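Only one structure is covered here, and it is reproduced in the block below.
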Amino acid sequence: MKVLVAVKRVVDAYVKIRVASDGSGVETANTKMSMNPFDEIALEAAIRLVESGQASEVIAVSIGPDAVQEQLRTALAMGAQRAIHIDASADLEPLTVAKTLQALCARETPDLVILGKQAIDDDSNQTGQMLGALQGWGQATSVSALEFTQGKAVATREIDGGLERLAVTLPGIISVDLRLNDPRHPKLPDIMKAKRAPIEALTLSDLGITANQRLEVLEVREPPTRTPGVRVDSVSELIEKLRNEAGVMP
Amino acid sequence: MSILIYAEHDAGQLSSATRSAITCAQALDGPIDMVVCASDCASVATEAAQIAGIRQVFTAQANHLATQPPEGVAWVLESLAANYDYVLAGATSHGKNIFPRLAARLDVQQISDISGVIDAQTFVRPIYAGNALATVRSHDAQRVITVRATAFEPIATGGGDASISPIEPGSDSALVEHLGMQLSGGEGPELTTADIVISGGRGVGSQENFALVKRVADRLSAAVGASRAAVDAGYITNDYQVGQTGKMVAPKLYLAVGISGAIQHMAGMRESQVIAAINTDPEAPIFEVADYGLVQDLMGALQELDGILAESPTPIGESA
Ligand SMILES: Cc1cc2nc3c(=O)[nH]c(=O)nc-3n(C[C@H](O)[C@H](O)[C@H](O)COP(=O)(O)OP(=O)(O)OC[C@H]3O[C@@H](n4cnc5c(N)ncnc54)[C@H](O)[C@@H]3O)c2cc1C
Ligand SMILES: Nc1ncnc2c1ncn2[C@@H]1O[C@H](COP(=O)(O)O)[C@@H](O)[C@H]1O
């Protein structure tokens with residue numbers, strides 16, 4: 001089984017982002033960047049499939065400017081066999097990303113594509129499902145447990161009411177949620193080795209993709225800020241305030 | 001400009017998120033039709049048809065649509081889409097699962113999780129876990145949209161008399177087999193629509209202690225919520241998680257106990273009308289957004305709260 005994992009470079013999950021004062025966007029210069037946390041989990045799941053002998057190869061792919069090679073090196077250090085960098089601007093829309101992955105699937109013919117359920121910058125939660133539709137494949141999104149039997153991916157999904165279990169025919173799409181696994185931290189020798197490892201380079205035009213923007217960002221601003229309120233000294237004071245001052249507790 | 005809304009349902013009832021999507025659609029100014037996909041559409045279709053302003057309800061009835069699978073539902077939506085300028089759903093686990101498949105089939109860049117409508121093509125959506133709000137303009141000819149339920153008041157049933165017509169439900173793609181569902185079917189009010197939510201975090205310490213959170217919630221007819229850390233620790237199941245990857249809530253009162261206030265958690269509750277927090281750490285970030293903060297051990301505080309509520313359950317405002 002050949003597994004393709006899509007990894008996105010994003011502002012680190014624990015950085016407090018700054019919105020540019022002119023409303024043009026979120027400042028990413030001099031900001032700590034990381035692999036999207038869900039994609040680390042996707043990668044970990046794929047690497048474990050190779051380690052358990054269920055998969056033969058993990059290919060990590062990232063679409064974006066040269067800087068994404070940093071995340072691809074992390075992927076290689078974690079244990080991916082190959083890394084592919086598809087050169088593009090940093091703000092591709094999910095539909096273009098999905099079309100690019102579709103073109104890559106045509107070249108690489110993976111049996112399984114694992115993605116993060118959402119990129120924590122755009123919070124779109126679209127790419128995996130779009131790729132599923134473009135490929136005509138089945139999907140399981142927000143997966144928190146995964147095993148393989150008889151050529152199918154048996155996945156547990158986190159849904160609004162609880163959990164759902166599905167068997168997805170391969171080739172298919174899995175998008176992962178946070179509870180699937182704890183991604184490993186690559187070891188220093190592996191990090192060193194990954195520094196010298198080759199990264200395959202492609203461009204959007206190599207894959208016949210044109211990036212046209214459908215969703216124009218007119219403005220990005222800060223949400224209304226909440227100001228800290230008051231400290232109360234006791235539970236009875238809290239109840240009194242919530243009942244009589246705020247009027248939100250019966 | 002005509003609008004099609006996906007009538008998401010659960011146990012035979014139209015979801016509250018769909019009702020919010022209808023309110024959102026009213027800002028777009030055009031006739032609104034709905035489509036129900038189920039193995040038995042009757043009760044949901046009737047409910048939808050009674051909502052004021054709905055023109056027509058389509059029903060796609062087939063066994064393979066029983067669990068609203070994305071492959072099958074996207075097919076049904078695509079079969080109708082040519083007649084519509086907008087297709088909308090709530091940004092729930094169903095909406096998120098189904099709609100990008102539809103958008104890709106229509107070659108449309110979906111607009112996820114909108115919290116505001118500026119005009120026919122311009123929308124507001126939170127990004128970066130709600131730490132920024134983007135105003136986006138769609139240049140597609142059609143618009144596929146999911147709607148953040150907390151941003152739009154759910155519309156009530158009543159005053160409507162839409163016609164109900166069956167449509168071709170398609171066939172099972174056979175790409176995915178449904179093996180089962182494990183629903184927590186909680187007692188008490190629904191997390192995303194409750195007036196009061198009491199959420200516990202890692203600080204609650206154990207599953208046993210969480211029972212006290214539930215007891216206090218019961219006394220207030222409140223819903224229980226949780227942080228990711230509480231879910232990961234096994235104190236409570238995943239469907240109670242509030243935040244960037246959990247549920248979005250905006251109750252009148254959100255009481256956070258033993259929750260530090262990570263940005264990913266705040267993403268799910270920052271729109272609450274009033275936020276109160278109980279935490280032993282006076283520096284906890286949750287206090288930066290809390291209207292009322294109490295620095296105290298949560299177990300003691302919850303016991304006291306429980307005691308006071310047991311003694312004076314009468315709404316003070318009403319008894320006065
Ligand atoms: C991509 C991503 C997505 C995420 N999505 C979510 C999400 O949707 N929802 C979410 O919640 N988190 C999410 N997280 C995790 C988030 O970053 C935090 O780790 C998590 O919210 C912490 O939960 P907590 O506040 O319960 O735990 P902690 O941060 O450990 O805080 C526990 C708090 O309890 C207090 N405490 C301890 N003992 C007591 C006591 N006896 N009495 C009173 N107070 C006490 C402590 O002072 C502390 O402030 C996400 C993380 C990532 C990377
Ligand atoms: N530029 C990109 N390069 C590689 N993978 C991506 C890219 N954008 C999105 N993805 C993948 O798609 C998932 C969902 O992203 P999104 O639909 O933008 O929320 C991410 O977790 C990644 O796995």
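Every chain in the structure tokens takes a letter, A first, then B, and so on in the order presented; its residues are numbered from 1, and the ligands are numbered from 1 following the presented order.
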Neighbouring residues of region 135-142 of chain B were defined as those with any atom within 9 Å, considering only C-alpha atoms; residues of the same chain fewer than 4 positions away were excluded. Please report them as a PDB file with all heavy atoms, in the first residue's frame.
```pdb
ATOM      1  N   GLN A 213      -7.898  32.544  -8.301  1.00  0.00           N
ATOM      2  CA  GLN A 213      -8.491  32.852  -7.010  1.00  0.00           C
ATOM      3  C   GLN A 213      -9.989  33.085  -7.151  1.00  0.00           C
ATOM      4  O   GLN A 213     -10.426  33.925  -7.911  1.00  0.00           O
ATOM      5  CB  GLN A 213      -7.801  34.094  -6.439  1.00  0.00           C
ATOM      6  CG  GLN A 213      -7.825  34.131  -4.949  1.00  0.00           C
ATOM      7  CD  GLN A 213      -7.423  35.485  -4.416  1.00  0.00           C
ATOM      8  OE1 GLN A 213      -7.485  36.493  -5.113  1.00  0.00           O
ATOM      9  NE2 GLN A 213      -7.017  35.517  -3.167  1.00  0.00           N
ATOM     10  N   ARG A 214     -10.741  32.317  -6.383  1.00  0.00           N
ATOM     11  CA  ARG A 214     -12.194  32.433  -6.436  1.00  0.00           C
ATOM     12  C   ARG A 214     -12.730  33.228  -5.254  1.00  0.00           C
ATOM     13  O   ARG A 214     -13.840  33.709  -5.277  1.00  0.00           O
ATOM     14  CB  ARG A 214     -12.846  31.055  -6.385  1.00  0.00           C
ATOM     15  CG  ARG A 214     -12.223  30.006  -7.266  1.00  0.00           C
ATOM     16  CD  ARG A 214     -12.603  30.233  -8.704  1.00  0.00           C
ATOM     17  NE  ARG A 214     -12.248  29.066  -9.502  1.00  0.00           N
ATOM     18  CZ  ARG A 214     -13.039  28.008  -9.620  1.00  0.00           C
ATOM     19  NH1 ARG A 214     -14.196  27.952  -9.019  1.00  0.00           N
ATOM     20  NH2 ARG A 214     -12.661  26.988 -10.356  1.00  0.00           N
ATOM     21  N   LEU A 215     -11.940  33.227  -4.184  1.00  0.00           N
ATOM     22  CA  LEU A 215     -12.408  33.841  -2.944  1.00  0.00           C
ATOM     23  C   LEU A 215     -11.419  34.932  -2.570  1.00  0.00           C
ATOM     24  O   LEU A 215     -10.347  34.669  -2.050  1.00  0.00           O
ATOM     25  CB  LEU A 215     -12.462  32.764  -1.858  1.00  0.00           C
ATOM     26  CG  LEU A 215     -13.474  32.932  -0.745  1.00  0.00           C
ATOM     27  CD1 LEU A 215     -14.879  33.141  -1.282  1.00  0.00           C
ATOM     28  CD2 LEU A 215     -13.442  31.718   0.168  1.00  0.00           C
ATOM     29  N   GLU A 216     -11.814  36.159  -2.899  1.00  0.00           N
ATOM     30  CA  GLU A 216     -10.918  37.287  -2.684  1.00  0.00           C
ATOM     31  C   GLU A 216     -11.049  37.765  -1.235  1.00  0.00           C
ATOM     32  O   GLU A 216     -12.167  37.984  -0.751  1.00  0.00           O
ATOM     33  CB  GLU A 216     -11.347  38.396  -3.647  1.00  0.00           C
ATOM     34  CG  GLU A 216     -10.497  39.631  -3.617  1.00  0.00           C
ATOM     35  CD  GLU A 216     -11.109  40.759  -4.464  1.00  0.00           C
ATOM     36  OE1 GLU A 216     -12.149  40.531  -5.129  1.00  0.00           O
ATOM     37  OE2 GLU A 216     -10.540  41.857  -4.443  1.00  0.00           O
ATOM     38  N   VAL A 217      -9.915  37.901  -0.564  1.00  0.00           N
ATOM     39  CA  VAL A 217      -9.950  38.397   0.808  1.00  0.00           C
ATOM     40  C   VAL A 217      -9.921  39.919   0.744  1.00  0.00           C
ATOM     41  O   VAL A 217      -8.943  40.519   0.309  1.00  0.00           O
ATOM     42  CB  VAL A 217      -8.772  37.854   1.625  1.00  0.00           C
ATOM     43  CG1 VAL A 217      -8.803  38.416   3.047  1.00  0.00           C
ATOM     44  CG2 VAL A 217      -8.806  36.335   1.661  1.00  0.00           C
ATOM     45  N   LEU A 218     -11.014  40.546   1.145  1.00  0.00           N
ATOM     46  CA  LEU A 218     -11.091  42.007   1.063  1.00  0.00           C
ATOM     47  C   LEU A 218     -10.437  42.650   2.275  1.00  0.00           C
ATOM     48  O   LEU A 218      -9.824  43.702   2.177  1.00  0.00           O
ATOM     49  CB  LEU A 218     -12.556  42.460   0.991  1.00  0.00           C
ATOM     50  CG  LEU A 218     -13.388  41.942  -0.186  1.00  0.00           C
ATOM     51  CD1 LEU A 218     -14.800  42.478  -0.096  1.00  0.00           C
ATOM     52  CD2 LEU A 218     -12.745  42.325  -1.507  1.00  0.00           C
ATOM     53  N   GLU A 219     -10.594  41.991   3.401  1.00  0.00           N
ATOM     54  CA  GLU A 219     -10.114  42.598   4.634  1.00  0.00           C
ATOM     55  C   GLU A 219      -9.991  41.529   5.708  1.00  0.00           C
ATOM     56  O   GLU A 219     -10.783  40.596   5.760  1.00  0.00           O
ATOM     57  CB  GLU A 219     -11.115  43.657   5.101  1.00  0.00           C
ATOM     58  CG  GLU A 219     -10.631  44.494   6.260  1.00  0.00           C
ATOM     59  CD  GLU A 219     -11.762  45.291   6.908  1.00  0.00           C
ATOM     60  OE1 GLU A 219     -12.920  44.849   6.892  1.00  0.00           O
ATOM     61  OE2 GLU A 219     -11.462  46.353   7.449  1.00  0.00           O
ATOM     62  N   VAL A 220      -8.973  41.682   6.557  1.00  0.00           N
ATOM     63  CA  VAL A 220      -8.871  40.821   7.733  1.00  0.00           C
ATOM     64  C   VAL A 220      -8.768  41.735   8.942  1.00  0.00           C
ATOM     65  O   VAL A 220      -7.929  42.634   8.976  1.00  0.00           O
ATOM     66  CB  VAL A 220      -7.628  39.897   7.665  1.00  0.00           C
ATOM     67  CG1 VAL A 220      -7.506  39.081   8.950  1.00  0.00           C
ATOM     68  CG2 VAL A 220      -7.712  38.980   6.459  1.00  0.00           C
ATOM     69  N   ARG A 221      -9.652  41.543   9.892  1.00  0.00           N
ATOM     70  CA  ARG A 221      -9.547  42.384  11.082  1.00  0.00           C
ATOM     71  C   ARG A 221      -9.650  41.546  12.347  1.00  0.00           C
ATOM     72  O   ARG A 221      -9.995  40.371  12.316  1.00  0.00           O
ATOM     73  CB  ARG A 221     -10.582  43.510  11.065  1.00  0.00           C
ATOM     74  CG  ARG A 221     -11.949  43.062  10.771  1.00  0.00           C
ATOM     75  CD  ARG A 221     -12.900  44.204  10.446  1.00  0.00           C
ATOM     76  NE  ARG A 221     -14.108  43.615   9.942  1.00  0.00           N
ATOM     77  CZ  ARG A 221     -15.041  43.082  10.720  1.00  0.00           C
ATOM     78  NH1 ARG A 221     -14.934  43.100  12.034  1.00  0.00           N
ATOM     79  NH2 ARG A 221     -16.117  42.505  10.200  1.00  0.00           N
TER      80      ARG A 221
ATOM     81  N   ALA B  81     -28.540  21.268  -7.970  1.00  0.00           N
ATOM     82  CA  ALA B  81     -27.791  22.521  -7.823  1.00  0.00           C
ATOM     83  C   ALA B  81     -27.922  23.479  -8.994  1.00  0.00           C
ATOM     84  O   ALA B  81     -27.868  24.697  -8.817  1.00  0.00           O
ATOM     85  CB  ALA B  81     -26.311  22.217  -7.562  1.00  0.00           C
ATOM     86  N   ALA B  82     -28.112  22.948 -10.202  1.00  0.00           N
ATOM     87  CA  ALA B  82     -28.138  23.815 -11.386  1.00  0.00           C
ATOM     88  C   ALA B  82     -29.192  24.913 -11.279  1.00  0.00           C
ATOM     89  O   ALA B  82     -29.060  25.977 -11.889  1.00  0.00           O
ATOM     90  CB  ALA B  82     -28.382  22.974 -12.637  1.00  0.00           C
ATOM     91  N   TYR B  84     -29.941  26.658  -8.647  1.00  0.00           N
ATOM     92  CA  TYR B  84     -29.750  27.537  -7.487  1.00  0.00           C
ATOM     93  C   TYR B  84     -28.477  28.381  -7.574  1.00  0.00           C
ATOM     94  O   TYR B  84     -27.462  27.944  -8.121  1.00  0.00           O
ATOM     95  CB  TYR B  84     -29.714  26.695  -6.202  1.00  0.00           C
ATOM     96  CG  TYR B  84     -31.038  26.022  -5.961  1.00  0.00           C
ATOM     97  CD1 TYR B  84     -31.263  24.728  -6.433  1.00  0.00           C
ATOM     98  CD2 TYR B  84     -32.068  26.693  -5.328  1.00  0.00           C
ATOM     99  CE1 TYR B  84     -32.490  24.115  -6.265  1.00  0.00           C
ATOM    100  CE2 TYR B  84     -33.304  26.093  -5.149  1.00  0.00           C
ATOM    101  CZ  TYR B  84     -33.510  24.813  -5.619  1.00  0.00           C
ATOM    102  OH  TYR B  84     -34.727  24.224  -5.457  1.00  0.00           O
ATOM    103  N   ASP B  85     -28.577  29.577  -6.998  1.00  0.00           N
ATOM    104  CA  ASP B  85     -27.403  30.444  -6.903  1.00  0.00           C
ATOM    105  C   ASP B  85     -26.607  30.153  -5.640  1.00  0.00           C
ATOM    106  O   ASP B  85     -25.407  30.400  -5.583  1.00  0.00           O
ATOM    107  CB  ASP B  85     -27.849  31.908  -6.889  1.00  0.00           C
ATOM    108  CG  ASP B  85     -28.682  32.235  -8.106  1.00  0.00           C
ATOM    109  OD1 ASP B  85     -28.105  32.284  -9.205  1.00  0.00           O
ATOM    110  OD2 ASP B  85     -29.911  32.383  -7.977  1.00  0.00           O
ATOM    111  N   TYR B  86     -27.330  29.661  -4.615  1.00  0.00           N
ATOM    112  CA  TYR B  86     -26.678  29.368  -3.331  1.00  0.00           C
ATOM    113  C   TYR B  86     -27.095  27.991  -2.852  1.00  0.00           C
ATOM    114  O   TYR B  86     -28.260  27.622  -2.979  1.00  0.00           O
ATOM    115  CB  TYR B  86     -27.120  30.357  -2.245  1.00  0.00           C
ATOM    116  CG  TYR B  86     -26.759  31.788  -2.532  1.00  0.00           C
ATOM    117  CD1 TYR B  86     -27.637  32.605  -3.237  1.00  0.00           C
ATOM    118  CD2 TYR B  86     -25.558  32.326  -2.089  1.00  0.00           C
ATOM    119  CE1 TYR B  86     -27.316  33.920  -3.510  1.00  0.00           C
ATOM    120  CE2 TYR B  86     -25.224  33.638  -2.350  1.00  0.00           C
ATOM    121  CZ  TYR B  86     -26.102  34.431  -3.061  1.00  0.00           C
ATOM    122  OH  TYR B  86     -25.783  35.731  -3.322  1.00  0.00           O
ATOM    123  N   VAL B  87     -26.140  27.275  -2.282  1.00  0.00           N
ATOM    124  CA  VAL B  87     -26.469  26.058  -1.550  1.00  0.00           C
ATOM    125  C   VAL B  87     -25.858  26.206  -0.166  1.00  0.00           C
ATOM    126  O   VAL B  87     -24.663  26.492  -0.026  1.00  0.00           O
ATOM    127  CB  VAL B  87     -25.934  24.786  -2.249  1.00  0.00           C
ATOM    128  CG1 VAL B  87     -26.533  23.545  -1.614  1.00  0.00           C
ATOM    129  CG2 VAL B  87     -26.231  24.811  -3.738  1.00  0.00           C
ATOM    130  N   LEU B 106     -19.057  20.892  -8.342  1.00  0.00           N
ATOM    131  CA  LEU B 106     -19.588  22.062  -9.071  1.00  0.00           C
ATOM    132  C   LEU B 106     -18.462  22.994  -9.509  1.00  0.00           C
ATOM    133  O   LEU B 106     -18.717  24.023 -10.128  1.00  0.00           O
ATOM    134  CB  LEU B 106     -20.564  22.833  -8.168  1.00  0.00           C
ATOM    135  CG  LEU B 106     -21.817  22.082  -7.710  1.00  0.00           C
ATOM    136  CD1 LEU B 106     -22.630  22.940  -6.751  1.00  0.00           C
ATOM    137  CD2 LEU B 106     -22.667  21.664  -8.905  1.00  0.00           C
ATOM    138  N   ASP B 107     -17.232  22.646  -9.139  1.00  0.00           N
ATOM    139  CA  ASP B 107     -16.068  23.496  -9.404  1.00  0.00           C
ATOM    140  C   ASP B 107     -16.239  24.889  -8.782  1.00  0.00           C
ATOM    141  O   ASP B 107     -16.042  25.925  -9.414  1.00  0.00           O
ATOM    142  CB  ASP B 107     -15.788  23.606 -10.902  1.00  0.00           C
ATOM    143  CG  ASP B 107     -14.386  24.159 -11.160  1.00  0.00           C
ATOM    144  OD1 ASP B 107     -13.495  23.929 -10.312  1.00  0.00           O
ATOM    145  OD2 ASP B 107     -14.185  24.836 -12.192  1.00  0.00           O
ATOM    146  N   VAL B 108     -16.606  24.868  -7.511  1.00  0.00           N
ATOM    147  CA  VAL B 108     -16.823  26.102  -6.751  1.00  0.00           C
ATOM    148  C   VAL B 108     -15.918  26.082  -5.526  1.00  0.00           C
ATOM    149  O   VAL B 108     -15.736  25.038  -4.904  1.00  0.00           O
ATOM    150  CB  VAL B 108     -18.314  26.179  -6.313  1.00  0.00           C
ATOM    151  CG1 VAL B 108     -18.519  27.233  -5.233  1.00  0.00           C
ATOM    152  CG2 VAL B 108     -19.212  26.456  -7.510  1.00  0.00           C
ATOM    153  N   GLN B 109     -15.316  27.216  -5.200  1.00  0.00           N
ATOM    154  CA  GLN B 109     -14.568  27.328  -3.961  1.00  0.00           C
ATOM    155  C   GLN B 109     -15.547  27.587  -2.820  1.00  0.00           C
ATOM    156  O   GLN B 109     -16.103  28.677  -2.720  1.00  0.00           O
ATOM    157  CB  GLN B 109     -13.511  28.438  -4.046  1.00  0.00           C
ATOM    158  CG  GLN B 109     -12.765  28.681  -2.742  1.00  0.00           C
ATOM    159  CD  GLN B 109     -12.189  27.407  -2.134  1.00  0.00           C
ATOM    160  OE1 GLN B 109     -11.433  26.676  -2.777  1.00  0.00           O
ATOM    161  NE2 GLN B 109     -12.559  27.112  -0.908  1.00  0.00           N
ATOM    162  N   GLN B 110     -15.741  26.568  -1.982  1.00  0.00           N
ATOM    163  CA  GLN B 110     -16.681  26.693  -0.855  1.00  0.00           C
ATOM    164  C   GLN B 110     -16.266  27.809   0.105  1.00  0.00           C
ATOM    165  O   GLN B 110     -15.082  28.070   0.316  1.00  0.00           O
ATOM    166  CB  GLN B 110     -16.726  25.356  -0.109  1.00  0.00           C
ATOM    167  CG  GLN B 110     -17.554  25.424   1.166  1.00  0.00           C
ATOM    168  CD  GLN B 110     -17.608  24.083   1.869  1.00  0.00           C
ATOM    169  OE1 GLN B 110     -17.903  23.068   1.254  1.00  0.00           O
ATOM    170  NE2 GLN B 110     -17.328  24.074   3.166  1.00  0.00           N
ATOM    171  N   ILE B 111     -17.269  28.422   0.722  1.00  0.00           N
ATOM    172  CA  ILE B 111     -17.015  29.406   1.776  1.00  0.00           C
ATOM    173  C   ILE B 111     -17.464  28.751   3.082  1.00  0.00           C
ATOM    174  O   ILE B 111     -18.646  28.520   3.299  1.00  0.00           O
ATOM    175  CB  ILE B 111     -17.794  30.711   1.506  1.00  0.00           C
ATOM    176  CG1 ILE B 111     -17.652  31.092   0.019  1.00  0.00           C
ATOM    177  CG2 ILE B 111     -17.286  31.840   2.394  1.00  0.00           C
ATOM    178  CD1 ILE B 111     -18.740  32.006  -0.470  1.00  0.00           C
ATOM    179  N   GLY B 116     -21.249  36.016   8.941  1.00  0.00           N
ATOM    180  CA  GLY B 116     -21.936  37.236   8.559  1.00  0.00           C
ATOM    181  C   GLY B 116     -22.122  37.321   7.047  1.00  0.00           C
ATOM    182  O   GLY B 116     -21.348  36.749   6.285  1.00  0.00           O
ATOM    183  N   ILE B 118     -22.441  40.190   4.123  1.00  0.00           N
ATOM    184  CA  ILE B 118     -22.308  41.622   3.838  1.00  0.00           C
ATOM    185  C   ILE B 118     -23.185  41.993   2.648  1.00  0.00           C
ATOM    186  O   ILE B 118     -23.967  42.926   2.692  1.00  0.00           O
ATOM    187  CB  ILE B 118     -20.839  42.004   3.518  1.00  0.00           C
ATOM    188  CG1 ILE B 118     -19.895  41.500   4.610  1.00  0.00           C
ATOM    189  CG2 ILE B 118     -20.708  43.503   3.245  1.00  0.00           C
ATOM    190  CD1 ILE B 118     -19.747  42.380   5.814  1.00  0.00           C
ATOM    191  N   GLN B 121     -22.446  38.595  -2.508  1.00  0.00           N
ATOM    192  CA  GLN B 121     -21.240  37.796  -2.753  1.00  0.00           C
ATOM    193  C   GLN B 121     -20.161  37.964  -1.681  1.00  0.00           C
ATOM    194  O   GLN B 121     -19.079  37.400  -1.810  1.00  0.00           O
ATOM    195  CB  GLN B 121     -20.651  38.136  -4.122  1.00  0.00           C
ATOM    196  CG  GLN B 121     -20.297  39.607  -4.296  1.00  0.00           C
ATOM    197  CD  GLN B 121     -20.756  40.130  -5.629  1.00  0.00           C
ATOM    198  OE1 GLN B 121     -21.079  39.332  -6.489  1.00  0.00           O
ATOM    199  NE2 GLN B 121     -20.817  41.423  -5.805  1.00  0.00           N
ATOM    200  N   THR B 122     -20.451  38.732  -0.648  1.00  0.00           N
ATOM    201  CA  THR B 122     -19.433  39.058   0.344  1.00  0.00           C
ATOM    202  C   THR B 122     -19.844  38.577   1.724  1.00  0.00           C
ATOM    203  O   THR B 122     -20.965  38.846   2.169  1.00  0.00           O
ATOM    204  CB  THR B 122     -19.192  40.584   0.365  1.00  0.00           C
ATOM    205  OG1 THR B 122     -19.125  41.048  -0.978  1.00  0.00           O
ATOM    206  CG2 THR B 122     -17.894  40.923   1.069  1.00  0.00           C
ATOM    207  N   PHE B 123     -18.932  37.874   2.366  1.00  0.00           N
ATOM    208  CA  PHE B 123     -19.266  37.207   3.615  1.00  0.00           C
ATOM    209  C   PHE B 123     -18.127  37.391   4.624  1.00  0.00           C
ATOM    210  O   PHE B 123     -17.000  37.655   4.248  1.00  0.00           O
ATOM    211  CB  PHE B 123     -19.482  35.710   3.364  1.00  0.00           C
ATOM    212  CG  PHE B 123     -20.442  35.449   2.254  1.00  0.00           C
ATOM    213  CD1 PHE B 123     -19.987  35.280   0.940  1.00  0.00           C
ATOM    214  CD2 PHE B 123     -21.803  35.440   2.490  1.00  0.00           C
ATOM    215  CE1 PHE B 123     -20.871  35.080  -0.102  1.00  0.00           C
ATOM    216  CE2 PHE B 123     -22.705  35.238   1.446  1.00  0.00           C
ATOM    217  CZ  PHE B 123     -22.242  35.059   0.156  1.00  0.00           C
ATOM    218  N   VAL B 124     -18.456  37.218   5.898  1.00  0.00           N
ATOM    219  CA  VAL B 124     -17.443  37.259   6.944  1.00  0.00           C
ATOM    220  C   VAL B 124     -17.253  35.851   7.481  1.00  0.00           C
ATOM    221  O   VAL B 124     -18.232  35.123   7.681  1.00  0.00           O
ATOM    222  CB  VAL B 124     -17.877  38.197   8.097  1.00  0.00           C
ATOM    223  CG1 VAL B 124     -16.819  38.218   9.202  1.00  0.00           C
ATOM    224  CG2 VAL B 124     -18.126  39.602   7.579  1.00  0.00           C
ATOM    225  N   ARG B 125     -15.991  35.456   7.653  1.00  0.00           N
ATOM    226  CA  ARG B 125     -15.743  34.154   8.275  1.00  0.00           C
ATOM    227  C   ARG B 125     -14.541  34.231   9.215  1.00  0.00           C
ATOM    228  O   ARG B 125     -13.555  34.898   8.922  1.00  0.00           O
ATOM    229  CB  ARG B 125     -15.566  33.054   7.230  1.00  0.00           C
ATOM    230  CG  ARG B 125     -14.451  33.267   6.213  1.00  0.00           C
ATOM    231  CD  ARG B 125     -14.354  32.070   5.273  1.00  0.00           C
ATOM    232  NE  ARG B 125     -14.182  30.841   6.019  1.00  0.00           N
ATOM    233  CZ  ARG B 125     -12.992  30.267   6.255  1.00  0.00           C
ATOM    234  NH1 ARG B 125     -11.882  30.756   5.764  1.00  0.00           N
ATOM    235  NH2 ARG B 125     -12.933  29.170   6.981  1.00  0.00           N
ATOM    236  N   PRO B 126     -14.640  33.562  10.359  1.00  0.00           N
ATOM    237  CA  PRO B 126     -13.512  33.534  11.284  1.00  0.00           C
ATOM    238  C   PRO B 126     -12.388  32.647  10.736  1.00  0.00           C
ATOM    239  O   PRO B 126     -12.650  31.598  10.152  1.00  0.00           O
ATOM    240  CB  PRO B 126     -14.099  32.901  12.554  1.00  0.00           C
ATOM    241  CG  PRO B 126     -15.572  32.792  12.327  1.00  0.00           C
ATOM    242  CD  PRO B 126     -15.800  32.812  10.860  1.00  0.00           C
TER     243      PRO B 126
END
```
**Request:** Kindly provide, as a ChimeraX atom specification, all nucleotide and amino acid residues lying within 8 Å of ligand 1, counting only C-alpha atoms and all ligand atoms.
**Result:** /A:13-14,36-38,120,178 /B:200-205,226-230,241-247,257-268,278-282,284-286,295-299
**Request:** Excluding region 179-191 of chain B and residues on its chain fewer than 5 positions from it, collect all residues at most 6 Å away from it, counting only C-alpha atoms, and give them as a PyMOL selection string.
**Result:** (chain A and resi 161-166) or (chain B and resi 223)
Could you save the residues just selected, with N, CA and C atoms, as a PDB file, in the first residue's frame?
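Here's the written file again.pdb:
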```pdb
ATOM      1  N   GLY A 161     -22.725  13.992  17.405  1.00  0.00           N
ATOM      2  CA  GLY A 161     -23.441  13.242  18.431  1.00  0.00           C
ATOM      3  C   GLY A 161     -22.613  12.182  19.135  1.00  0.00           C
ATOM      4  N   GLY A 162     -21.387  11.946  18.688  1.00  0.00           N
ATOM      5  CA  GLY A 162     -20.564  10.901  19.289  1.00  0.00           C
ATOM      6  C   GLY A 162     -19.557  10.360  18.297  1.00  0.00           C
ATOM      7  N   LEU A 163     -19.696   9.066  17.986  1.00  0.00           N
ATOM      8  CA  LEU A 163     -18.735   8.437  17.078  1.00  0.00           C
ATOM      9  C   LEU A 163     -19.479   7.661  15.990  1.00  0.00           C
ATOM     10  N   GLU A 164     -18.840   7.541  14.825  1.00  0.00           N
ATOM     11  CA  GLU A 164     -19.400   6.772  13.722  1.00  0.00           C
ATOM     12  C   GLU A 164     -18.300   5.864  13.187  1.00  0.00           C
ATOM     13  N   ARG A 165     -18.647   4.631  12.831  1.00  0.00           N
ATOM     14  CA  ARG A 165     -17.641   3.719  12.277  1.00  0.00           C
ATOM     15  C   ARG A 165     -17.942   3.402  10.812  1.00  0.00           C
ATOM     16  N   LEU A 166     -16.918   3.528   9.992  1.00  0.00           N
ATOM     17  CA  LEU A 166     -17.070   3.321   8.556  1.00  0.00           C
ATOM     18  C   LEU A 166     -15.983   2.400   8.030  1.00  0.00           C
TER      19      LEU A 166
ATOM     20  N   ALA B 223     -26.201  22.822  29.849  1.00  0.00           N
ATOM     21  CA  ALA B 223     -25.499  21.753  29.142  1.00  0.00           C
ATOM     22  C   ALA B 223     -24.079  21.662  29.682  1.00  0.00           C
TER      23      ALA B 223
END
```
**Request:** Compute the chain A side of the contact with chain B at 7 Å, counting only C-alpha atoms, and hand it back as a PyMOL selection string.
**Result:** chain A and resi 19+95+120-126+129-130+132-134+137-138+141+159-169+214-223+226-235+248+250
**Item:** Environment of ligand 2 within 6 Å, counting only C-alpha atoms and all ligand atoms, reported as a list of chain:residue names
**Value:**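 Taking only C-alpha atoms and all ligand atoms into account, the residues around ligand 2 at most 6 Å away are A:Ala6, A:Val7, A:Lys8, A:Phe38, A:Asp39, A:Val61, A:Ser62, A:Ile63, A:Gly64, A:Pro94, A:Val97, A:Leu115, A:Gly116, A:Lys117, A:Gln118, A:Ala119, A:Asp122, A:Asp123, A:Ser124, A:Asn125, A:Gln126, A:Thr127, A:Gly128.
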